[in-house]
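**Q** The structure file query_26.txt (compact mmCIF, C-alpha atoms) is provided below.
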```
# COMPACT_ATOMS: atom_id res chain seq x y z
CA MET A 1 282.31 107.30 70.80
CA ASP A 2 285.70 107.57 69.12
CA VAL A 3 286.14 110.98 67.45
CA LYS A 4 287.66 109.21 64.42
CA LEU A 5 284.21 107.73 63.78
CA VAL A 6 282.57 111.20 63.86
CA ASN A 7 284.78 112.89 61.26
CA PRO A 8 283.40 110.94 58.26
CA PHE A 9 279.90 112.26 59.08
CA ILE A 10 281.17 115.87 59.33
CA ASP A 11 283.10 115.59 56.05
CA ALA A 12 280.13 113.99 54.27
CA THR A 13 277.69 116.65 55.52
CA ILE A 14 279.90 119.54 54.34
CA HIS A 15 280.54 117.85 51.00
CA VAL A 16 276.91 116.92 50.30
CA LEU A 17 275.55 120.39 51.15
CA SER A 18 278.19 121.99 48.99
CA SER A 19 277.74 119.69 45.99
CA MET A 20 273.95 119.21 46.09
CA ALA A 21 272.74 122.53 47.52
CA PHE A 22 275.61 124.96 46.79
CA THR A 23 275.57 125.73 50.51
CA THR A 24 278.64 126.25 52.69
CA ALA A 25 278.18 124.61 56.07
CA HIS A 26 280.56 125.70 58.85
CA VAL A 27 280.99 123.05 61.50
CA GLY A 28 280.70 124.10 65.14
CA LYS A 29 282.08 122.39 68.21
CA PRO A 30 280.73 118.84 68.64
CA TYR A 31 279.30 118.09 72.10
CA LEU A 32 277.86 115.14 73.95
CA LYS A 33 274.09 115.32 74.00
CA LYS A 34 273.07 115.11 77.64
CA ASP A 35 269.35 115.78 77.27
CA ASN A 36 266.81 115.93 74.49
CA LEU A 37 266.78 119.71 74.21
CA ALA A 38 267.92 119.59 70.59
CA LYS A 39 264.95 120.68 68.54
CA GLY A 40 264.10 121.07 64.91
CA ASP A 41 261.26 121.67 62.48
CA VAL A 42 262.28 118.94 60.02
CA THR A 43 264.37 115.92 61.04
CA GLY A 44 265.67 113.02 58.98
CA ILE A 45 266.61 109.82 60.84
CA VAL A 46 268.31 106.67 59.61
CA GLY A 47 269.18 103.56 61.60
CA LEU A 48 272.63 102.02 61.11
CA ILE A 49 273.50 98.39 61.67
CA GLY A 50 276.62 96.34 61.19
CA GLU A 51 278.72 94.71 63.86
CA THR A 52 277.14 97.40 66.10
CA ARG A 53 273.90 99.41 66.28
CA GLY A 54 273.72 103.10 65.52
CA THR A 55 271.61 106.02 64.42
CA LEU A 56 272.16 109.22 62.47
CA SER A 57 269.79 112.20 62.50
CA ILE A 58 269.86 115.63 60.91
CA SER A 59 267.56 118.39 62.21
CA PHE A 60 266.89 121.64 60.41
CA SER A 61 265.05 124.79 61.36
CA GLU A 62 262.30 125.66 58.89
CA GLU A 63 264.12 128.65 57.40
CA CYS A 64 267.34 126.69 57.02
CA ILE A 65 265.86 123.71 55.15
CA ILE A 66 263.67 125.94 52.97
CA ALA A 67 266.77 127.88 51.88
CA ILE A 68 268.81 124.69 51.31
CA VAL A 69 266.08 122.98 49.26
CA SER A 70 265.47 126.17 47.26
CA MET A 71 269.15 126.02 46.30
CA MET A 72 268.90 122.29 45.50
CA PHE A 73 265.86 122.77 43.24
CA GLY A 74 266.95 126.11 41.78
CA GLU A 75 263.56 127.62 42.61
CA LYS A 76 262.10 129.41 45.58
CA ILE A 77 260.36 127.07 48.02
CA THR A 78 258.11 128.72 50.60
CA VAL A 79 256.61 125.87 52.64
CA ILE A 80 257.67 122.47 53.93
CA ASN A 81 255.87 120.09 51.60
CA GLU A 82 256.39 116.52 50.46
CA GLU A 83 259.14 117.58 48.04
CA VAL A 84 261.08 119.16 50.91
CA GLN A 85 260.64 116.03 53.03
CA ASP A 86 261.88 113.84 50.16
CA ALA A 87 264.86 116.18 49.71
CA VAL A 88 265.77 115.82 53.40
CA GLY A 89 265.60 112.03 52.98
CA GLU A 90 267.81 112.27 49.92
CA LEU A 91 270.40 114.50 51.66
CA LEU A 92 270.42 112.15 54.65
CA ASN A 93 270.80 109.06 52.45
CA ILE A 94 273.79 110.54 50.66
CA VAL A 95 275.46 111.81 53.86
CA SER A 96 274.93 108.37 55.41
CA GLY A 97 276.24 106.59 52.29
CA GLN A 98 279.39 108.73 52.00
CA ALA A 99 280.15 108.48 55.71
CA ARG A 100 279.60 104.71 55.74
CA GLN A 101 281.93 104.35 52.76
CA LYS A 102 284.71 106.11 54.71
CA LEU A 103 283.97 104.05 57.80
CA GLU A 104 284.23 100.90 55.69
CA GLY A 105 287.73 102.03 54.71
CA MET A 106 288.46 102.14 58.46
CA GLY A 107 287.22 98.57 58.82
CA ARG A 108 283.77 99.49 60.17
CA LEU A 109 281.02 98.03 57.99
CA LEU A 110 277.56 99.55 58.56
CA LYS A 111 274.37 99.35 56.55
CA GLY A 112 271.62 101.99 56.53
CA ALA A 113 267.91 101.25 57.15
CA ILE A 114 265.03 103.07 55.41
CA PRO A 115 265.23 106.76 56.42
CA THR A 116 262.26 108.53 57.98
CA VAL A 117 261.56 112.28 57.86
CA ILE A 118 259.54 114.00 60.58
CA SER A 119 258.00 117.45 60.07
CA GLY A 120 256.48 119.46 62.88
CA LYS A 121 257.30 122.82 64.40
CA ASN A 122 259.85 122.61 67.20
CA HIS A 123 259.87 118.89 67.86
CA SER A 124 262.45 117.24 70.13
CA ILE A 125 264.58 114.20 69.32
CA THR A 126 265.62 111.50 71.81
CA HIS A 127 267.80 108.54 70.85
CA ILE A 128 267.10 105.54 73.06
CA THR A 129 270.55 104.29 74.04
CA SER A 130 272.77 104.20 77.11
CA HIS A 131 275.77 105.11 74.92
CA SER A 132 276.93 108.65 74.28
CA ILE A 133 275.33 110.66 71.50
CA VAL A 134 277.51 113.17 69.66
CA ALA A 135 275.74 116.31 68.45
CA ILE A 136 277.41 118.48 65.81
CA PRO A 137 276.05 121.96 65.13
CA PHE A 138 276.49 123.52 61.68
CA GLU A 139 275.95 127.07 60.57
CA THR A 140 275.01 128.23 57.09
CA ASP A 141 274.01 131.61 55.67
CA ALA A 142 270.44 130.31 55.85
CA GLY A 143 270.51 129.25 59.51
CA ARG A 144 271.58 126.37 61.68
CA PHE A 145 271.18 122.64 61.62
CA THR A 146 272.46 119.81 63.80
CA ILE A 147 273.48 116.26 63.14
CA GLU A 148 273.44 113.64 65.89
CA ILE A 149 275.29 110.35 65.76
CA CYS A 150 275.46 107.38 68.03
CA LEU A 151 277.37 104.18 67.36
CA GLU A 152 277.41 101.65 70.17
CA GLU A 153 281.06 101.09 69.14
CA MET B 154 254.69 93.80 51.28
CA ASP B 155 253.50 90.27 52.08
CA VAL B 156 250.72 90.32 54.71
CA LYS B 157 252.41 87.39 56.44
CA LEU B 158 255.25 89.77 57.34
CA VAL B 159 252.82 92.28 58.88
CA ASN B 160 251.07 89.91 61.30
CA PRO B 161 254.05 89.48 63.65
CA PHE B 162 254.08 93.27 64.23
CA ILE B 163 250.32 93.31 64.97
CA ASP B 164 250.60 90.37 67.36
CA ALA B 165 253.62 91.87 69.12
CA THR B 166 251.92 95.27 69.53
CA ILE B 167 248.78 93.77 71.09
CA HIS B 168 250.83 91.51 73.35
CA VAL B 169 253.26 94.20 74.52
CA LEU B 170 250.52 96.74 75.32
CA SER B 171 248.58 94.11 77.21
CA SER B 172 251.52 92.77 79.21
CA MET B 173 253.42 96.01 79.86
CA ALA B 174 250.62 98.59 80.04
CA PHE B 175 247.51 96.51 80.87
CA THR B 176 245.94 98.10 77.79
CA THR B 177 243.74 96.31 75.27
CA ALA B 178 244.57 97.43 71.73
CA HIS B 179 241.97 96.62 69.03
CA VAL B 180 243.52 96.39 65.59
CA GLY B 181 241.81 98.26 62.75
CA LYS B 182 242.06 97.62 59.04
CA PRO B 183 245.64 97.88 57.73
CA TYR B 184 246.02 100.14 54.68
CA LEU B 185 248.76 101.18 52.31
CA LYS B 186 250.09 104.60 53.23
CA LYS B 187 249.77 106.73 50.12
CA ASP B 188 250.70 110.10 51.57
CA ASN B 189 252.26 111.41 54.74
CA LEU B 190 249.02 112.49 56.38
CA ALA B 191 249.54 110.16 59.33
CA LYS B 192 250.30 112.39 62.28
CA GLY B 193 251.14 111.95 65.91
CA ASP B 194 252.33 113.80 68.99
CA VAL B 195 254.94 111.20 70.00
CA THR B 196 256.53 108.81 67.50
CA GLY B 197 259.09 106.06 68.02
CA ILE B 198 261.10 104.92 64.98
CA VAL B 199 263.51 102.04 64.56
CA GLY B 200 265.44 101.05 61.46
CA LEU B 201 265.54 97.36 60.51
CA ILE B 202 268.27 95.69 58.50
CA GLY B 203 268.96 92.13 57.46
CA GLU B 204 268.91 90.74 53.95
CA THR B 205 266.64 93.74 53.27
CA ARG B 206 266.10 97.29 54.61
CA GLY B 207 263.09 98.26 56.66
CA THR B 208 261.61 100.63 59.19
CA LEU B 209 259.03 100.42 61.95
CA SER B 210 257.32 103.41 63.56
CA ILE B 211 254.64 103.80 66.18
CA SER B 212 252.79 107.13 66.54
CA PHE B 213 250.61 108.07 69.48
CA SER B 214 248.32 110.99 70.19
CA GLU B 215 249.24 112.82 73.39
CA GLU B 216 246.22 111.58 75.36
CA CYS B 217 246.77 107.99 74.22
CA ILE B 218 250.45 107.76 75.21
CA ILE B 219 249.87 109.57 78.51
CA ALA B 220 247.19 107.03 79.43
CA ILE B 221 249.35 104.08 78.33
CA VAL B 222 252.44 105.24 80.22
CA SER B 223 250.34 106.03 83.31
CA MET B 224 249.24 102.38 83.24
CA MET B 225 252.84 101.20 82.72
CA PHE B 226 254.17 103.24 85.63
CA GLY B 227 251.14 102.77 87.88
CA GLU B 228 250.94 106.51 88.50
CA LYS B 229 249.21 109.39 86.79
CA ILE B 230 251.39 111.09 84.18
CA THR B 231 250.20 114.50 82.98
CA VAL B 232 252.81 115.69 80.49
CA ILE B 233 255.09 114.20 77.85
CA ASN B 234 258.47 114.25 79.55
CA GLU B 235 261.73 112.30 79.19
CA GLU B 236 260.28 109.33 81.09
CA VAL B 237 257.41 109.10 78.59
CA GLN B 238 259.85 109.32 75.68
CA ASP B 239 261.98 106.54 77.20
CA ALA B 240 258.84 104.44 77.71
CA VAL B 241 257.92 104.84 74.02
CA GLY B 242 261.43 103.70 73.11
CA GLU B 243 261.09 100.71 75.42
CA LEU B 244 257.66 99.71 74.01
CA LEU B 245 259.02 100.05 70.48
CA ASN B 246 262.13 98.00 71.28
CA ILE B 247 260.06 95.16 72.70
CA VAL B 248 257.51 95.21 69.85
CA SER B 249 260.40 95.21 67.36
CA GLY B 250 262.19 92.39 69.23
CA GLN B 251 259.13 90.14 69.49
CA ALA B 252 258.14 90.71 65.86
CA ARG B 253 261.69 90.07 64.64
CA GLN B 254 261.80 86.84 66.63
CA LYS B 255 258.67 85.60 64.83
CA LEU B 256 260.04 86.73 61.48
CA GLU B 257 263.23 84.82 62.20
CA GLY B 258 261.07 81.71 62.64
CA MET B 259 259.79 82.42 59.12
CA GLY B 260 263.36 82.59 57.84
CA ARG B 261 263.57 86.42 57.78
CA LEU B 262 266.50 87.62 59.87
CA LEU B 263 266.39 91.34 60.74
CA LYS B 264 268.32 93.40 63.26
CA GLY B 265 267.09 96.62 64.88
CA ALA B 266 269.07 99.90 64.95
CA ILE B 267 269.01 102.38 67.87
CA PRO B 268 265.42 103.66 68.22
CA THR B 269 264.64 107.38 68.16
CA VAL B 270 261.64 109.08 69.75
CA ILE B 271 260.25 112.35 68.42
CA SER B 272 257.92 114.57 70.47
CA GLY B 273 256.06 117.52 69.01
CA LYS B 274 252.41 118.33 68.62
CA ASN B 275 250.91 117.01 65.40
CA HIS B 276 254.04 116.10 63.48
CA SER B 277 253.92 114.11 60.23
CA ILE B 278 255.97 111.03 59.37
CA THR B 279 257.37 110.19 55.92
CA HIS B 280 259.34 107.03 55.20
CA ILE B 281 261.74 107.54 52.30
CA THR B 282 261.25 104.46 50.14
CA SER B 283 259.70 103.54 46.81
CA HIS B 284 258.24 100.38 48.38
CA SER B 285 254.80 100.18 49.95
CA ILE B 286 254.31 101.22 53.54
CA VAL B 287 251.67 99.40 55.56
CA ALA B 288 249.88 101.49 58.21
CA ILE B 289 247.93 99.71 60.94
CA PRO B 290 245.55 101.73 63.13
CA PHE B 291 244.84 100.57 66.68
CA GLU B 292 242.16 101.74 69.07
CA THR B 293 242.36 101.67 72.85
CA ASP B 294 240.10 103.07 75.57
CA ALA B 295 242.63 105.90 75.81
CA GLY B 296 242.66 106.82 72.12
CA ARG B 297 244.25 105.76 68.88
CA PHE B 298 247.73 105.00 67.71
CA THR B 299 249.21 103.78 64.43
CA ILE B 300 252.11 101.58 63.52
CA GLU B 301 253.79 101.83 60.12
CA ILE B 302 255.99 99.14 58.62
CA CYS B 303 258.02 98.90 55.50
CA LEU B 304 260.25 96.02 54.48
CA GLU B 305 261.80 96.23 51.05
CA GLU B 306 261.09 92.43 50.90
```
In structure tokens, write the structure found in this file.

**A**
Amino acid sequence: MDVKLVNPFIDATIHVLSSMAFTTAHVGKPYLKKDNLAKGDVTGIVGLIGETRGTLSISFSEECIIAIVSMMFGEKITVINEEVQDAVGELLNIVSGQARQKLEGMGRLLKGAIPTVISGKNHSITHITSHSIVAIPFETDAGRFTIEICLEE
Amino acid sequence: MDVKLVNPFIDATIHVLSSMAFTTAHVGKPYLKKDNLAKGDVTGIVGLIGETRGTLSISFSEECIIAIVSMMFGEKITVINEEVQDAVGELLNIVSGQARQKLEGMGRLLKGAIPTVISGKNHSITHITSHSIVAIPFETDAGRFTIEICLEE
């Protein structure tokens, strides 16, 4: 996957967390996902389709998403409930929308499907494609999260 | 969601399990998903996009998917590993493809995004949409599974 196609997702993630959750996200080194060892406690997934197929997921540890959503809501959240799941869907929708807008400017038109949020301690995520999957780790004061992107170019 | 749009997914699920995994799946009564209490141990999700947005998921209990994949592979599987996750992705892809083919015959053109498979004991699934989500329970000799569909019409 062309690195130029990854940058819009990184920029959108940093911008959305900053503007919606007053959270600074430091991007780590992107890597190609070779196995399904990436794990999370809450994951948002959205399918992408245009002239190609794709997928975007964002996986948070429990402490990380609880801190982020507490900042978003301006009140202390203590458990992963339906409001937290909806907030993950909302964050994902906006990241996906901003990134797709930039990609459109690069001549790559993609639409987003209905997002799905999965909650469950320490689940693993496998994207079913023969193409490479780019994983991008982020660090915040509240903990780590990872986004994964695949576009079949 | 129009019930006519649901039937192709039911038919495809029964046909794919029968032809690929020699498993008879009895369909239960479809219901509107009002909360996110549906749970599973392995879930496959695929985004759908055409003139509307959609999503399709299929959630299995551990014992159910292990029995189904054992039948598919013709050998006894004992744990949920990468091969089982790939098999869930393959089942989902074929169900999605067959259902979309029937929908196309009804004048509803939809494409499928890259599927994602989530593994983790007793996770919950929330689709982020204001439209109704139809859940369809199935029963097999090996246990139960559920498919969930949403098309924003």

**Q** Quick one: which chain A residues come within 8 Å of chain B, and what is the nearest atom pair for each with the distance in Å to one decimal, counting all atoms listed in the file, rows ordered by chain and ascending number, as a Markdown table?

**A**
```
| residue | atom | partner | partner_atom | distance |
| --- | --- | --- | --- | --- |
| A:Asn36 | CA | B:Glu235 | CA | 7.8 |
| A:Ile45 | CA | B:Thr269 | CA | 8.0 |
| A:Val46 | CA | B:Gly200 | CA | 6.6 |
| A:Gly47 | CA | B:Gly200 | CA | 4.5 |
| A:Leu48 | CA | B:Ala266 | CA | 5.6 |
| A:Ile49 | CA | B:Ala266 | CA | 5.7 |
| A:Arg53 | CA | B:Ala266 | CA | 5.0 |
| A:Gly54 | CA | B:Ile267 | CA | 5.3 |
| A:Thr55 | CA | B:Ile267 | CA | 5.6 |
| A:Glu82 | CA | B:Asn189 | CA | 7.8 |
| A:Gln85 | CA | B:Thr279 | CA | 7.3 |
| A:Asp86 | CA | B:Ile281 | CA | 6.7 |
| A:Gly89 | CA | B:Ile281 | CA | 6.0 |
| A:Lys111 | CA | B:Ile202 | CA | 7.4 |
| A:Gly112 | CA | B:Ile202 | CA | 7.4 |
| A:Ala113 | CA | B:Gly200 | CA | 5.0 |
| A:Ile114 | CA | B:Gly207 | CA | 5.3 |
| A:Pro115 | CA | B:Ile281 | CA | 5.5 |
| A:Thr116 | CA | B:His280 | CA | 4.3 |
| A:Val117 | CA | B:Thr279 | CA | 5.1 |
| A:Ile118 | CA | B:Ile278 | CA | 4.8 |
| A:Ser119 | CA | B:Ser277 | CA | 5.3 |
| A:Gly120 | CA | B:His276 | CA | 4.2 |
| A:Lys121 | CA | B:Gly273 | CA | 7.1 |
| A:Asn122 | CA | B:Gly273 | CA | 6.6 |
| A:His123 | CA | B:Gly273 | CA | 4.2 |
| A:Ser124 | CA | B:Ser272 | CA | 5.3 |
| A:Ile125 | CA | B:Ile271 | CA | 4.8 |
| A:Thr126 | CA | B:Val270 | CA | 5.1 |
| A:His127 | CA | B:Thr269 | CA | 4.3 |
| A:Ile128 | CA | B:Pro268 | CA | 5.5 |
| A:Thr129 | CA | B:Ile267 | CA | 6.6 |
```

**Q** May I have the residues within 12 Å of region 171-173 of chain B as a list in words, using only C-alpha atoms and disregarding those fewer than 3 positions away in the same chain?

**A**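 In the requested format, the answer is Asp164, Ala165, Thr166, Ile167, His168, Thr176, Thr177, Ala178, His179, Ile221, Val222, Ser223, Met224, Met225, Phe226, Gly227, Ala240, Val241, Glu243, Leu244, Leu245, Ile247, Val248 and Thr293 of chain B.
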
**Q** Determine, counting all atoms listed in the file, every residue of protein, DNA or RNA that lies within 8 Å of (261.2, 128.8, 50.4) in the file coordinates, then give the result as a list in words.

**A** Glu63, Ile66, Ala67, Val69, Ser70, Lys76, Ile77, Thr78 and Val79 of chain A

**Q** Give the padded box for region 77-85 of chain A as AutoDock Vina command-line options: axis-aligned, covering all atoms listed in the file, 3 Å on each side, centre and edge lengths in Å to one decimal.

**A**
```
--center_x 258.5 --center_y 122.4 --center_z 51.0 --size_x 11.2 --size_y 18.7 --size_z 11.9
```

**Q** Would you compute the distance between CA of Leu256 (chain B) and CA of Val237 (chain B)? Give it in Å to one decimal.

**A** 28.3 Å

**Q** Rounded to one decimal in Å, what is the spacing between CA of Glu148 (chain A) and CA of Ala135 (chain A)?

**A**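 Going from CA of Glu148 (chain A) over to CA of Ala135 (chain A), I get 4.4 Å.
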
**Q** Could you work out how far CA of Ser214 (chain B) lies from CA of Lys33 (chain A), giving the answer in Å with one decimal?

**A**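 So the two atoms, CA of Lys33 (chain A) and CA of Ser214 (chain B), lie 26.4 Å apart.
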
**Q** Contacts of Lys182 (chain B) at 8 Å or less, counting all atoms listed in the file, minus same-chain residues fewer than 2 places along, as a list of chain:residue names?

**A**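 Final neighbour list, sorted by chain and number: B:Val180, B:Tyr184, B:Ile289, B:Pro290.
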
**Q** With C-alpha atoms kept, could you save the residues just selected as a PDB file, keeping the file's coordinate frame?

**A**
```
ATOM      1  CA  VAL B 180     243.520  96.390  65.590  1.00  0.00           C
ATOM      2  CA  TYR B 184     246.020 100.140  54.680  1.00  0.00           C
ATOM      3  CA  ILE B 289     247.930  99.710  60.940  1.00  0.00           C
ATOM      4  CA  PRO B 290     245.550 101.730  63.130  1.00  0.00           C
TER       5      PRO B 290
END
```

**Q** From the list B:Glu306, B:Glu215, B:Glu292, B:Glu257, which residue is nearest Leu170 (chain B) when using all atoms listed in the file?

**A**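 Checking each candidate against Leu170 (chain B), we get B:Glu292 as the closest.
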
**Q** Select, from A:Leu32, A:Ile58, A:Leu110, A:Ala21, the residue with the minimum atom-to-atom distance to Glu75 (chain A), counting all atoms listed in the file.

**A**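 Smallest separation from Glu75 (chain A) among the options: A:Ala21.
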